[in-house]
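Source file: run.cif (mmCIF, N, CA and C atoms)
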data_final
#
loop_
_atom_site.label_atom_id
_atom_site.label_comp_id
_atom_site.auth_asym_id
_atom_site.auth_seq_id
_atom_site.Cartn_x
_atom_site.Cartn_y
_atom_site.Cartn_z
N MET K 29 0.85 -1.18 0.00
CA MET K 29 0.00 0.00 0.00
C MET K 29 0.90 1.24 0.00
N GLU K 30 0.50 2.18 -0.80
CA GLU K 30 1.26 3.44 -0.84
C GLU K 30 0.31 4.59 -0.52
N LEU K 31 0.73 5.42 0.41
CA LEU K 31 -0.08 6.59 0.77
C LEU K 31 0.28 7.75 -0.14
N PRO K 32 -0.72 8.55 -0.49
CA PRO K 32 -0.43 9.72 -1.32
C PRO K 32 0.33 10.78 -0.53
N SER K 33 1.08 11.57 -1.24
CA SER K 33 1.73 12.71 -0.59
C SER K 33 0.93 13.96 -0.93
N LYS K 34 1.03 14.94 -0.06
CA LYS K 34 0.24 16.15 -0.24
C LYS K 34 1.08 17.36 0.14
N LYS K 35 1.01 18.38 -0.68
CA LYS K 35 1.66 19.64 -0.35
C LYS K 35 0.81 20.34 0.71
N VAL K 36 1.48 21.06 1.60
CA VAL K 36 0.78 21.80 2.65
C VAL K 36 1.22 23.25 2.65
N LEU K 37 0.36 24.09 3.15
CA LEU K 37 0.65 25.51 3.27
C LEU K 37 1.54 25.73 4.48
N THR K 38 2.66 26.40 4.28
CA THR K 38 3.59 26.70 5.38
C THR K 38 3.35 28.12 5.89
N LEU K 39 3.83 28.37 7.08
CA LEU K 39 3.74 29.72 7.65
C LEU K 39 4.51 30.71 6.78
N GLU K 40 5.67 30.30 6.29
CA GLU K 40 6.46 31.19 5.45
C GLU K 40 5.70 31.59 4.19
N LEU K 41 5.06 30.63 3.53
CA LEU K 41 4.28 30.96 2.33
C LEU K 41 3.08 31.84 2.70
N ALA K 42 2.43 31.54 3.81
CA ALA K 42 1.28 32.35 4.24
C ALA K 42 1.70 33.81 4.44
N LYS K 43 2.85 34.01 5.08
CA LYS K 43 3.32 35.39 5.30
C LYS K 43 3.64 36.09 3.99
N ARG K 44 4.18 35.36 3.04
CA ARG K 44 4.49 35.96 1.73
C ARG K 44 3.21 36.35 0.99
N ILE K 45 2.19 35.50 1.07
CA ILE K 45 0.89 35.81 0.47
C ILE K 45 0.31 37.05 1.14
N ALA K 46 0.38 37.10 2.46
CA ALA K 46 -0.13 38.26 3.20
C ALA K 46 0.58 39.53 2.76
N ASP K 47 1.89 39.47 2.57
CA ASP K 47 2.64 40.65 2.13
C ASP K 47 2.15 41.14 0.77
N VAL K 48 1.90 40.21 -0.14
CA VAL K 48 1.39 40.58 -1.47
C VAL K 48 0.04 41.28 -1.33
N CYS K 49 -0.83 40.70 -0.51
CA CYS K 49 -2.17 41.28 -0.33
C CYS K 49 -2.10 42.68 0.29
N THR K 50 -1.34 42.81 1.37
CA THR K 50 -1.29 44.12 2.04
C THR K 50 -0.60 45.16 1.17
N ASP K 51 0.43 44.78 0.44
CA ASP K 51 1.07 45.73 -0.48
C ASP K 51 0.07 46.23 -1.51
N PHE K 52 -0.70 45.30 -2.09
CA PHE K 52 -1.71 45.67 -3.09
C PHE K 52 -2.77 46.58 -2.46
N ALA K 53 -3.24 46.21 -1.27
CA ALA K 53 -4.26 47.02 -0.59
C ALA K 53 -3.75 48.43 -0.32
N HIS K 54 -2.51 48.53 0.14
CA HIS K 54 -1.94 49.85 0.44
C HIS K 54 -1.77 50.69 -0.82
N GLU K 55 -1.41 50.06 -1.93
CA GLU K 55 -1.31 50.79 -3.20
C GLU K 55 -2.64 51.40 -3.59
N LYS K 56 -3.73 50.73 -3.21
CA LYS K 56 -5.08 51.21 -3.51
C LYS K 56 -5.63 52.13 -2.42
N GLY K 57 -4.87 52.28 -1.32
CA GLY K 57 -5.30 53.17 -0.24
C GLY K 57 -6.16 52.53 0.82
N PHE K 58 -6.10 51.21 0.95
CA PHE K 58 -6.95 50.49 1.90
C PHE K 58 -6.13 49.85 3.01
N VAL K 59 -6.75 49.72 4.19
CA VAL K 59 -6.23 48.89 5.26
C VAL K 59 -7.20 47.72 5.42
N ILE K 60 -6.68 46.56 5.82
CA ILE K 60 -7.49 45.34 5.78
C ILE K 60 -7.25 44.45 6.99
N ASP K 61 -8.18 43.53 7.17
CA ASP K 61 -7.97 42.33 7.97
C ASP K 61 -7.72 41.22 6.97
N LEU K 62 -6.80 40.33 7.30
CA LEU K 62 -6.43 39.26 6.38
C LEU K 62 -6.27 37.96 7.16
N ALA K 63 -6.92 36.91 6.69
CA ALA K 63 -6.81 35.60 7.32
C ALA K 63 -6.35 34.58 6.28
N ILE K 64 -5.41 33.73 6.69
CA ILE K 64 -4.96 32.65 5.82
C ILE K 64 -5.08 31.36 6.62
N VAL K 65 -5.74 30.38 6.00
CA VAL K 65 -5.97 29.09 6.65
C VAL K 65 -5.36 27.97 5.83
N ASP K 66 -5.15 26.82 6.47
CA ASP K 66 -4.64 25.65 5.76
C ASP K 66 -5.79 24.95 5.03
N GLY K 67 -5.48 23.82 4.42
CA GLY K 67 -6.49 23.09 3.65
C GLY K 67 -7.66 22.58 4.46
N GLY K 68 -7.49 22.45 5.76
CA GLY K 68 -8.58 22.04 6.64
C GLY K 68 -9.36 23.21 7.21
N GLY K 69 -9.00 24.41 6.81
CA GLY K 69 -9.69 25.60 7.29
C GLY K 69 -9.19 26.14 8.61
N HIS K 70 -8.04 25.65 9.07
CA HIS K 70 -7.49 26.09 10.36
C HIS K 70 -6.57 27.29 10.16
N LEU K 71 -6.73 28.27 11.01
CA LEU K 71 -5.99 29.52 10.91
C LEU K 71 -4.48 29.29 11.03
N ILE K 72 -3.76 29.82 10.05
CA ILE K 72 -2.30 29.79 10.07
C ILE K 72 -1.75 31.19 10.33
N TYR K 73 -2.40 32.19 9.72
CA TYR K 73 -1.87 33.55 9.82
C TYR K 73 -3.03 34.54 9.81
N PHE K 74 -2.93 35.54 10.67
CA PHE K 74 -3.94 36.61 10.70
C PHE K 74 -3.24 37.94 10.89
N GLU K 75 -3.72 38.93 10.17
CA GLU K 75 -3.18 40.28 10.32
C GLU K 75 -4.33 41.26 10.36
N ARG K 76 -4.33 42.10 11.38
CA ARG K 76 -5.35 43.16 11.51
C ARG K 76 -4.61 44.49 11.50
N GLU K 77 -4.90 45.28 10.50
CA GLU K 77 -4.22 46.56 10.38
C GLU K 77 -4.97 47.63 11.18
N ASP K 78 -4.22 48.64 11.57
CA ASP K 78 -4.81 49.76 12.32
C ASP K 78 -5.93 50.40 11.51
N GLY K 79 -7.02 50.69 12.19
CA GLY K 79 -8.12 51.39 11.56
C GLY K 79 -9.20 50.51 10.97
N VAL K 80 -9.03 49.19 11.04
CA VAL K 80 -10.04 48.29 10.49
C VAL K 80 -10.99 47.90 11.63
N SER K 81 -12.27 47.87 11.34
CA SER K 81 -13.28 47.52 12.35
C SER K 81 -13.02 46.14 12.93
N VAL K 82 -13.14 46.02 14.25
CA VAL K 82 -12.94 44.72 14.89
C VAL K 82 -14.01 43.72 14.47
N GLY K 83 -15.13 44.21 13.99
CA GLY K 83 -16.20 43.32 13.54
C GLY K 83 -15.83 42.48 12.34
N THR K 84 -14.79 42.87 11.62
CA THR K 84 -14.41 42.12 10.42
C THR K 84 -13.43 40.99 10.71
N ILE K 85 -12.95 40.88 11.93
CA ILE K 85 -11.99 39.83 12.27
C ILE K 85 -12.60 38.45 12.03
N GLN K 86 -13.71 38.17 12.67
CA GLN K 86 -14.35 36.86 12.50
C GLN K 86 -14.83 36.64 11.08
N VAL K 87 -15.25 37.71 10.43
CA VAL K 87 -15.71 37.57 9.04
C VAL K 87 -14.57 37.07 8.17
N ALA K 88 -13.39 37.64 8.30
CA ALA K 88 -12.24 37.21 7.50
C ALA K 88 -11.91 35.75 7.78
N ILE K 89 -11.88 35.37 9.04
CA ILE K 89 -11.54 33.99 9.40
C ILE K 89 -12.58 33.01 8.87
N MET K 90 -13.84 33.36 9.01
CA MET K 90 -14.90 32.47 8.53
C MET K 90 -14.91 32.38 7.01
N LYS K 91 -14.68 33.50 6.32
CA LYS K 91 -14.62 33.44 4.85
C LYS K 91 -13.49 32.52 4.41
N ALA K 92 -12.33 32.65 5.04
CA ALA K 92 -11.19 31.80 4.67
C ALA K 92 -11.51 30.33 4.92
N HIS K 93 -12.07 30.04 6.08
CA HIS K 93 -12.44 28.66 6.41
C HIS K 93 -13.38 28.08 5.37
N SER K 94 -14.43 28.82 5.05
CA SER K 94 -15.42 28.35 4.07
C SER K 94 -14.77 28.05 2.73
N SER K 95 -13.93 28.96 2.28
CA SER K 95 -13.29 28.80 0.98
C SER K 95 -12.36 27.60 0.94
N ALA K 96 -11.61 27.38 2.01
CA ALA K 96 -10.67 26.26 2.05
C ALA K 96 -11.38 24.91 2.07
N VAL K 97 -12.35 24.76 2.95
CA VAL K 97 -12.95 23.43 3.11
C VAL K 97 -13.84 23.04 1.94
N PHE K 98 -14.38 24.03 1.24
CA PHE K 98 -15.19 23.72 0.06
C PHE K 98 -14.41 23.90 -1.24
N GLY K 99 -13.20 24.46 -1.15
CA GLY K 99 -12.37 24.60 -2.34
C GLY K 99 -12.93 25.54 -3.39
N ALA K 100 -13.65 26.56 -2.93
CA ALA K 100 -14.28 27.49 -3.86
C ALA K 100 -14.20 28.91 -3.31
N PRO K 101 -14.26 29.90 -4.19
CA PRO K 101 -14.30 31.29 -3.72
C PRO K 101 -15.56 31.52 -2.88
N SER K 102 -15.44 32.30 -1.83
CA SER K 102 -16.60 32.56 -0.97
C SER K 102 -17.70 33.32 -1.71
N LYS K 103 -17.35 33.98 -2.79
CA LYS K 103 -18.36 34.66 -3.62
C LYS K 103 -19.40 33.66 -4.11
N GLN K 104 -18.97 32.43 -4.40
CA GLN K 104 -19.90 31.41 -4.88
C GLN K 104 -20.95 31.08 -3.83
N PHE K 105 -20.57 31.10 -2.57
CA PHE K 105 -21.54 30.80 -1.51
C PHE K 105 -22.57 31.92 -1.40
N GLU K 106 -22.11 33.16 -1.59
CA GLU K 106 -23.02 34.30 -1.58
C GLU K 106 -24.04 34.15 -2.71
N ILE K 107 -23.57 33.76 -3.89
CA ILE K 107 -24.46 33.54 -5.04
C ILE K 107 -25.45 32.42 -4.73
N ASN K 108 -24.95 31.33 -4.15
CA ASN K 108 -25.83 30.19 -3.82
C ASN K 108 -26.95 30.60 -2.87
N VAL K 109 -26.63 31.38 -1.86
CA VAL K 109 -27.64 31.84 -0.90
C VAL K 109 -28.64 32.76 -1.59
N ARG K 110 -28.13 33.68 -2.39
CA ARG K 110 -29.02 34.60 -3.11
C ARG K 110 -29.97 33.85 -4.03
N GLU K 111 -29.52 32.71 -4.58
CA GLU K 111 -30.35 31.91 -5.48
C GLU K 111 -31.27 30.95 -4.74
N GLY K 112 -31.26 31.00 -3.40
CA GLY K 112 -32.21 30.24 -2.63
C GLY K 112 -31.66 29.11 -1.78
N LEU K 113 -30.38 28.83 -1.86
CA LEU K 113 -29.79 27.76 -1.06
C LEU K 113 -29.47 28.30 0.34
N ILE K 114 -30.54 28.69 1.06
CA ILE K 114 -30.35 29.37 2.34
C ILE K 114 -29.84 28.44 3.44
N GLY K 115 -30.00 27.14 3.27
CA GLY K 115 -29.49 26.19 4.26
C GLY K 115 -27.97 26.29 4.40
N MET K 116 -27.31 26.85 3.40
CA MET K 116 -25.86 26.99 3.44
C MET K 116 -25.42 27.83 4.65
N VAL K 117 -26.23 28.80 5.05
CA VAL K 117 -25.84 29.66 6.17
C VAL K 117 -25.84 28.92 7.50
N ALA K 118 -26.45 27.73 7.54
CA ALA K 118 -26.49 26.94 8.77
C ALA K 118 -25.25 26.05 8.93
N LEU K 119 -24.42 25.98 7.91
CA LEU K 119 -23.21 25.16 8.02
C LEU K 119 -22.24 25.80 9.01
N PRO K 120 -21.62 25.01 9.87
CA PRO K 120 -20.70 25.57 10.87
C PRO K 120 -19.55 26.33 10.19
N GLY K 121 -19.34 27.56 10.64
CA GLY K 121 -18.23 28.36 10.13
C GLY K 121 -18.44 28.96 8.77
N MET K 122 -19.63 28.84 8.21
CA MET K 122 -19.88 29.34 6.86
C MET K 122 -20.01 30.85 6.87
N ALA K 123 -19.39 31.48 5.89
CA ALA K 123 -19.52 32.92 5.69
C ALA K 123 -19.77 33.16 4.21
N PRO K 124 -21.02 33.28 3.81
CA PRO K 124 -21.33 33.44 2.39
C PRO K 124 -21.18 34.89 1.92
N PHE K 125 -19.95 35.40 2.01
CA PHE K 125 -19.65 36.76 1.58
C PHE K 125 -18.42 36.71 0.69
N GLU K 126 -18.42 37.47 -0.36
CA GLU K 126 -17.25 37.56 -1.23
C GLU K 126 -16.05 38.06 -0.43
N GLY K 127 -14.86 37.58 -0.79
CA GLY K 127 -13.65 38.07 -0.14
C GLY K 127 -12.63 37.00 0.19
N ALA K 128 -12.91 35.75 -0.14
CA ALA K 128 -11.95 34.66 0.10
C ALA K 128 -11.82 33.81 -1.15
N VAL K 129 -10.61 33.32 -1.37
CA VAL K 129 -10.35 32.41 -2.48
C VAL K 129 -9.43 31.30 -2.02
N PRO K 130 -9.61 30.10 -2.61
CA PRO K 130 -8.72 29.01 -2.24
C PRO K 130 -7.30 29.26 -2.75
N ILE K 131 -6.33 28.70 -2.04
CA ILE K 131 -4.93 28.71 -2.47
C ILE K 131 -4.68 27.32 -3.04
N LYS K 132 -4.29 27.26 -4.32
CA LYS K 132 -4.10 25.97 -4.98
C LYS K 132 -2.66 25.83 -5.44
N VAL K 133 -2.16 24.60 -5.35
CA VAL K 133 -0.85 24.23 -5.88
C VAL K 133 -1.05 22.95 -6.66
N ASP K 134 -0.69 22.97 -7.92
CA ASP K 134 -0.87 21.81 -8.80
C ASP K 134 -2.31 21.32 -8.79
N GLY K 135 -3.25 22.24 -8.71
CA GLY K 135 -4.67 21.91 -8.73
C GLY K 135 -5.26 21.48 -7.41
N ASP K 136 -4.43 21.31 -6.39
CA ASP K 136 -4.92 20.90 -5.07
C ASP K 136 -5.07 22.10 -4.14
N VAL K 137 -6.14 22.13 -3.38
CA VAL K 137 -6.36 23.20 -2.41
C VAL K 137 -5.48 22.94 -1.19
N ILE K 138 -4.61 23.91 -0.89
CA ILE K 138 -3.75 23.79 0.30
C ILE K 138 -4.14 24.80 1.36
N GLY K 139 -5.14 25.63 1.07
CA GLY K 139 -5.58 26.63 2.03
C GLY K 139 -6.46 27.65 1.35
N ALA K 140 -6.62 28.80 2.03
CA ALA K 140 -7.40 29.90 1.46
C ALA K 140 -6.93 31.20 2.08
N VAL K 141 -7.11 32.27 1.33
CA VAL K 141 -6.80 33.61 1.81
C VAL K 141 -8.09 34.42 1.77
N ALA K 142 -8.33 35.17 2.84
CA ALA K 142 -9.53 36.00 2.92
C ALA K 142 -9.16 37.39 3.39
N VAL K 143 -9.89 38.35 2.85
CA VAL K 143 -9.71 39.74 3.22
C VAL K 143 -11.06 40.28 3.65
N SER K 144 -11.04 41.14 4.65
CA SER K 144 -12.25 41.79 5.11
C SER K 144 -11.90 43.20 5.56
N GLY K 145 -12.87 44.09 5.46
CA GLY K 145 -12.64 45.43 5.95
C GLY K 145 -12.88 46.53 4.94
N VAL K 146 -13.01 46.17 3.68
CA VAL K 146 -13.28 47.20 2.66
C VAL K 146 -14.69 46.90 2.15
N THR K 147 -14.89 46.74 0.86
CA THR K 147 -16.16 46.24 0.34
C THR K 147 -15.95 44.80 -0.07
N LYS K 148 -17.03 44.06 -0.23
CA LYS K 148 -16.88 42.65 -0.57
C LYS K 148 -16.13 42.48 -1.89
N GLU K 149 -16.39 43.37 -2.85
CA GLU K 149 -15.73 43.26 -4.15
C GLU K 149 -14.23 43.53 -4.04
N ILE K 150 -13.88 44.55 -3.29
CA ILE K 150 -12.46 44.88 -3.11
C ILE K 150 -11.78 43.81 -2.26
N ASP K 151 -12.46 43.33 -1.24
CA ASP K 151 -11.92 42.22 -0.44
C ASP K 151 -11.57 41.05 -1.35
N GLY K 152 -12.49 40.71 -2.24
CA GLY K 152 -12.28 39.59 -3.16
C GLY K 152 -11.13 39.84 -4.12
N GLU K 153 -11.03 41.05 -4.60
CA GLU K 153 -9.94 41.40 -5.52
C GLU K 153 -8.58 41.25 -4.83
N ILE K 154 -8.47 41.74 -3.62
CA ILE K 154 -7.20 41.67 -2.88
C ILE K 154 -6.85 40.21 -2.58
N ALA K 155 -7.83 39.42 -2.15
CA ALA K 155 -7.57 38.00 -1.87
C ALA K 155 -7.11 37.28 -3.12
N GLN K 156 -7.73 37.59 -4.24
CA GLN K 156 -7.35 36.93 -5.50
C GLN K 156 -5.92 37.28 -5.90
N VAL K 157 -5.51 38.52 -5.67
CA VAL K 157 -4.13 38.92 -5.96
C VAL K 157 -3.16 38.06 -5.14
N GLY K 158 -3.49 37.81 -3.89
CA GLY K 158 -2.64 36.97 -3.05
C GLY K 158 -2.58 35.53 -3.54
N ALA K 159 -3.73 34.96 -3.86
CA ALA K 159 -3.76 33.57 -4.35
C ALA K 159 -3.04 33.44 -5.69
N ASP K 160 -3.19 34.45 -6.54
CA ASP K 160 -2.53 34.42 -7.85
C ASP K 160 -1.01 34.51 -7.74
N ALA K 161 -0.51 35.04 -6.63
CA ALA K 161 0.93 35.20 -6.46
C ALA K 161 1.63 33.91 -6.02
N VAL K 162 0.89 32.90 -5.64
CA VAL K 162 1.50 31.69 -5.09
C VAL K 162 2.49 31.05 -6.05
N ALA K 163 2.12 30.89 -7.31
CA ALA K 163 3.02 30.25 -8.27
C ALA K 163 4.32 31.05 -8.40
N ARG K 164 4.23 32.38 -8.45
CA ARG K 164 5.42 33.22 -8.55
C ARG K 164 6.29 33.09 -7.29
N ILE K 165 5.65 33.07 -6.14
CA ILE K 165 6.39 32.95 -4.88
C ILE K 165 7.13 31.62 -4.84
N LEU K 166 6.45 30.54 -5.21
CA LEU K 166 7.06 29.21 -5.16
C LEU K 166 8.17 29.05 -6.20
N ALA K 167 8.05 29.77 -7.32
CA ALA K 167 9.07 29.69 -8.37
C ALA K 167 10.35 30.41 -7.97
N GLY K 168 10.21 31.27 -6.95
CA GLY K 168 11.37 31.97 -6.42
C GLY K 168 11.66 33.20 -7.18
#
I need this file expressed as structure tokens, please.
Amino acid sequence: MELPSKKVLTLELAKRIADVCTDFAHEKGFVIDLAIVDGGGHLIYFEREDGVSVGTIQVAIMKAHSSAVFGAPSKQFEINVREGLIGMVALPGMAPFEGAVPIKVDGDVIGAVAVSGVTKEIDGEIAQVGADAVARILAG
């Protein structure tokens, strides 16, 4: 019997993704809350910048968790609820708000990055910039 091997999200990679996100946010004039979770939805890294509402802390963490465990952008859950799949909001840790995207390596979900504190659309844009940077970061 042979067990499969799996890539995992490291703290070092999470911090590099966070740097990309915060640099992009600052270029646009925004401060953010940012959560990065592993493939099981467990928090690896969190950053709360000065001036961001404390109410967005849990939102960022929940969006990241939702995106990682389902392997989909949190925007999709918002769409699903709007289209009538309201039972989705009863799932533990679910946050059906745009702003989180899965982090993938070789097609496998190794985590998710979520942003909160601006608008849902801008949160999603910043998170996507971070996820898109993974291949470049890993290539060195």
* Asked: For the file shown, what are the residues hit by the PyMOL selection byres ((chain K and resi 146-156) around 7), laid out as number ranges by chain?
  -> K: 49, 52-53, 59-61, 125-129, 141-145, 157-161
Near segment 32-45 of chain K, within 6.5 Å and counting all atoms listed in the file, which residues show up once chain neighbours fewer than 3 positions away are dropped, as a compact mmCIF listing (two decimals) with N, CA and C atoms, in the frame of the given file?
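Generated file (around05.txt):
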# COMPACT_ATOMS: atom_id res chain seq x y z
N VAL K 48 1.90 40.21 -0.14
CA VAL K 48 1.39 40.58 -1.47
C VAL K 48 0.04 41.28 -1.33
N CYS K 49 -0.83 40.70 -0.51
CA CYS K 49 -2.17 41.28 -0.33
C CYS K 49 -2.10 42.68 0.29
N THR K 50 -1.34 42.81 1.37
CA THR K 50 -1.29 44.12 2.04
C THR K 50 -0.60 45.16 1.17
N ILE K 64 -5.41 33.73 6.69
CA ILE K 64 -4.96 32.65 5.82
C ILE K 64 -5.08 31.36 6.62
N ASP K 66 -5.15 26.82 6.47
CA ASP K 66 -4.64 25.65 5.76
C ASP K 66 -5.79 24.95 5.03
N GLY K 67 -5.48 23.82 4.42
CA GLY K 67 -6.49 23.09 3.65
C GLY K 67 -7.66 22.58 4.46
N ILE K 72 -3.76 29.82 10.05
CA ILE K 72 -2.30 29.79 10.07
C ILE K 72 -1.75 31.19 10.33
N TYR K 73 -2.40 32.19 9.72
CA TYR K 73 -1.87 33.55 9.82
C TYR K 73 -3.03 34.54 9.81
N ILE K 138 -4.61 23.91 -0.89
CA ILE K 138 -3.75 23.79 0.30
C ILE K 138 -4.14 24.80 1.36
N GLY K 139 -5.14 25.63 1.07
CA GLY K 139 -5.58 26.63 2.03
C GLY K 139 -6.46 27.65 1.35
N GLY K 158 -3.49 37.81 -3.89
CA GLY K 158 -2.64 36.97 -3.05
C GLY K 158 -2.58 35.53 -3.54
N ALA K 159 -3.73 34.96 -3.86
CA ALA K 159 -3.76 33.57 -4.35
C ALA K 159 -3.04 33.44 -5.69
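With all atoms listed in the file as the basis for measurement, K:Ala123 is the residue among K:Lys56, K:Gly112, K:Ala123, K:Glu106 that approaches Val87 of chain K most closely.
Take atom N of Val65 of chain K and atom N of Ala92 of chain K: the distance between them is 7.0 Å.
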Write out as a CSV table (one decimal) with N, CA and C atoms, keeping the file's coordinate frame the set of residues from segment 32-141 of chain K that DSSP, computed on the backbone, places in helix (DSSP H, G or I).
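Writing the result to result09.csv gives the following:
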chain,number,residue,atom,x,y,z
K,39,LEU,N,3.8,28.4,7.1
K,39,LEU,CA,3.7,29.7,7.6
K,39,LEU,C,4.5,30.7,6.8
K,40,GLU,N,5.7,30.3,6.3
K,40,GLU,CA,6.5,31.2,5.4
K,40,GLU,C,5.7,31.6,4.2
K,41,LEU,N,5.1,30.6,3.5
K,41,LEU,CA,4.3,31.0,2.3
K,41,LEU,C,3.1,31.8,2.7
K,42,ALA,N,2.4,31.5,3.8
K,42,ALA,CA,1.3,32.4,4.2
K,42,ALA,C,1.7,33.8,4.4
K,43,LYS,N,2.8,34.0,5.1
K,43,LYS,CA,3.3,35.4,5.3
K,43,LYS,C,3.6,36.1,4.0
K,44,ARG,N,4.2,35.4,3.0
K,44,ARG,CA,4.5,36.0,1.7
K,44,ARG,C,3.2,36.4,1.0
K,45,ILE,N,2.2,35.5,1.1
K,45,ILE,CA,0.9,35.8,0.5
K,45,ILE,C,0.3,37.0,1.1
K,46,ALA,N,0.4,37.1,2.5
K,46,ALA,CA,-0.1,38.3,3.2
K,46,ALA,C,0.6,39.5,2.8
K,47,ASP,N,1.9,39.5,2.6
K,47,ASP,CA,2.6,40.6,2.1
K,47,ASP,C,2.2,41.1,0.8
K,48,VAL,N,1.9,40.2,-0.1
K,48,VAL,CA,1.4,40.6,-1.5
K,48,VAL,C,0.0,41.3,-1.3
K,49,CYS,N,-0.8,40.7,-0.5
K,49,CYS,CA,-2.2,41.3,-0.3
K,49,CYS,C,-2.1,42.7,0.3
K,50,THR,N,-1.3,42.8,1.4
K,50,THR,CA,-1.3,44.1,2.0
K,50,THR,C,-0.6,45.2,1.2
K,51,ASP,N,0.4,44.8,0.4
K,51,ASP,CA,1.1,45.7,-0.5
K,51,ASP,C,0.1,46.2,-1.5
K,52,PHE,N,-0.7,45.3,-2.1
K,52,PHE,CA,-1.7,45.7,-3.1
K,52,PHE,C,-2.8,46.6,-2.5
K,53,ALA,N,-3.2,46.2,-1.3
K,53,ALA,CA,-4.3,47.0,-0.6
K,53,ALA,C,-3.8,48.4,-0.3
K,54,HIS,N,-2.5,48.5,0.1
K,54,HIS,CA,-1.9,49.8,0.4
K,54,HIS,C,-1.8,50.7,-0.8
K,55,GLU,N,-1.4,50.1,-1.9
K,55,GLU,CA,-1.3,50.8,-3.2
K,55,GLU,C,-2.6,51.4,-3.6
K,84,THR,N,-14.8,42.9,11.6
K,84,THR,CA,-14.4,42.1,10.4
K,84,THR,C,-13.4,41.0,10.7
K,85,ILE,N,-13.0,40.9,11.9
K,85,ILE,CA,-12.0,39.8,12.3
K,85,ILE,C,-12.6,38.4,12.0
K,86,GLN,N,-13.7,38.2,12.7
K,86,GLN,CA,-14.4,36.9,12.5
K,86,GLN,C,-14.8,36.6,11.1
K,87,VAL,N,-15.2,37.7,10.4
K,87,VAL,CA,-15.7,37.6,9.0
K,87,VAL,C,-14.6,37.1,8.2
K,88,ALA,N,-13.4,37.6,8.3
K,88,ALA,CA,-12.2,37.2,7.5
K,88,ALA,C,-11.9,35.8,7.8
K,89,ILE,N,-11.9,35.4,9.0
K,89,ILE,CA,-11.5,34.0,9.4
K,89,ILE,C,-12.6,33.0,8.9
K,90,MET,N,-13.8,33.4,9.0
K,90,MET,CA,-14.9,32.5,8.5
K,90,MET,C,-14.9,32.4,7.0
K,91,LYS,N,-14.7,33.5,6.3
K,91,LYS,CA,-14.6,33.4,4.8
K,91,LYS,C,-13.5,32.5,4.4
K,92,ALA,N,-12.3,32.6,5.0
K,92,ALA,CA,-11.2,31.8,4.7
K,92,ALA,C,-11.5,30.3,4.9
K,93,HIS,N,-12.1,30.0,6.1
K,93,HIS,CA,-12.4,28.7,6.4
K,93,HIS,C,-13.4,28.1,5.4
K,94,SER,N,-14.4,28.8,5.0
K,94,SER,CA,-15.4,28.4,4.1
K,94,SER,C,-14.8,28.0,2.7
K,95,SER,N,-13.9,29.0,2.3
K,95,SER,CA,-13.3,28.8,1.0
K,95,SER,C,-12.4,27.6,0.9
K,96,ALA,N,-11.6,27.4,2.0
K,96,ALA,CA,-10.7,26.3,2.0
K,96,ALA,C,-11.4,24.9,2.1
K,97,VAL,N,-12.4,24.8,3.0
K,97,VAL,CA,-13.0,23.4,3.1
K,97,VAL,C,-13.8,23.0,1.9
K,98,PHE,N,-14.4,24.0,1.2
K,98,PHE,CA,-15.2,23.7,0.1
K,98,PHE,C,-14.4,23.9,-1.2
K,102,SER,N,-15.4,32.3,-1.8
K,102,SER,CA,-16.6,32.6,-1.0
K,102,SER,C,-17.7,33.3,-1.7
K,103,LYS,N,-17.4,34.0,-2.8
K,103,LYS,CA,-18.4,34.7,-3.6
K,103,LYS,C,-19.4,33.7,-4.1
K,104,GLN,N,-19.0,32.4,-4.4
K,104,GLN,CA,-19.9,31.4,-4.9
K,104,GLN,C,-21.0,31.1,-3.8
K,105,PHE,N,-20.6,31.1,-2.6
K,105,PHE,CA,-21.5,30.8,-1.5
K,105,PHE,C,-22.6,31.9,-1.4
K,106,GLU,N,-22.1,33.2,-1.6
K,106,GLU,CA,-23.0,34.3,-1.6
K,106,GLU,C,-24.0,34.2,-2.7
K,107,ILE,N,-23.6,33.8,-3.9
K,107,ILE,CA,-24.5,33.5,-5.0
K,107,ILE,C,-25.4,32.4,-4.7
K,108,ASN,N,-25.0,31.3,-4.2
K,108,ASN,CA,-25.8,30.2,-3.8
K,108,ASN,C,-27.0,30.6,-2.9
K,109,VAL,N,-26.6,31.4,-1.9
K,109,VAL,CA,-27.6,31.8,-0.9
K,109,VAL,C,-28.6,32.8,-1.6
K,110,ARG,N,-28.1,33.7,-2.4
K,110,ARG,CA,-29.0,34.6,-3.1
K,110,ARG,C,-30.0,33.8,-4.0
K,114,ILE,N,-30.5,28.7,1.1
K,114,ILE,CA,-30.4,29.4,2.3
K,114,ILE,C,-29.8,28.4,3.4
K,115,GLY,N,-30.0,27.1,3.3
K,115,GLY,CA,-29.5,26.2,4.3
K,115,GLY,C,-28.0,26.3,4.4
K,116,MET,N,-27.3,26.8,3.4
K,116,MET,CA,-25.9,27.0,3.4
K,116,MET,C,-25.4,27.8,4.6
K,117,VAL,N,-26.2,28.8,5.0
K,117,VAL,CA,-25.8,29.7,6.2
K,117,VAL,C,-25.8,28.9,7.5
K,118,ALA,N,-26.4,27.7,7.5
K,118,ALA,CA,-26.5,26.9,8.8
K,118,ALA,C,-25.2,26.0,8.9
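Of the listed residues (K:Ser81, K:Gln86, K:Ser102, K:Ser94), K:Ser94 comes nearest to Gly68 of chain K; the distances count only C-alpha atoms.
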Give the padded box for segment 127-142 of chain K as AutoDock Vina command-line options: axis-aligned, covering all atoms listed in the file, 6 Å on each side, centre and edge lengths in Å to one decimal.
--center_x -7.8 --center_y 29.5 --center_z -2.7 --size_x 26.2 --size_y 29.2 --size_z 24.2
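Using all atoms listed in the file, the smallest distance between any of K:Gly168, K:Glu75, K:Gly99, K:Leu119 and Ile131 of chain K comes from K:Gly99.
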* Enumerate the residues of segment 47-158 of chain K with a DSSP assignment of strand (DSSP E or B), computed from the backbone, and present them as a ChimeraX atom specification. => /K:61-66,71-76,128-133,136-144
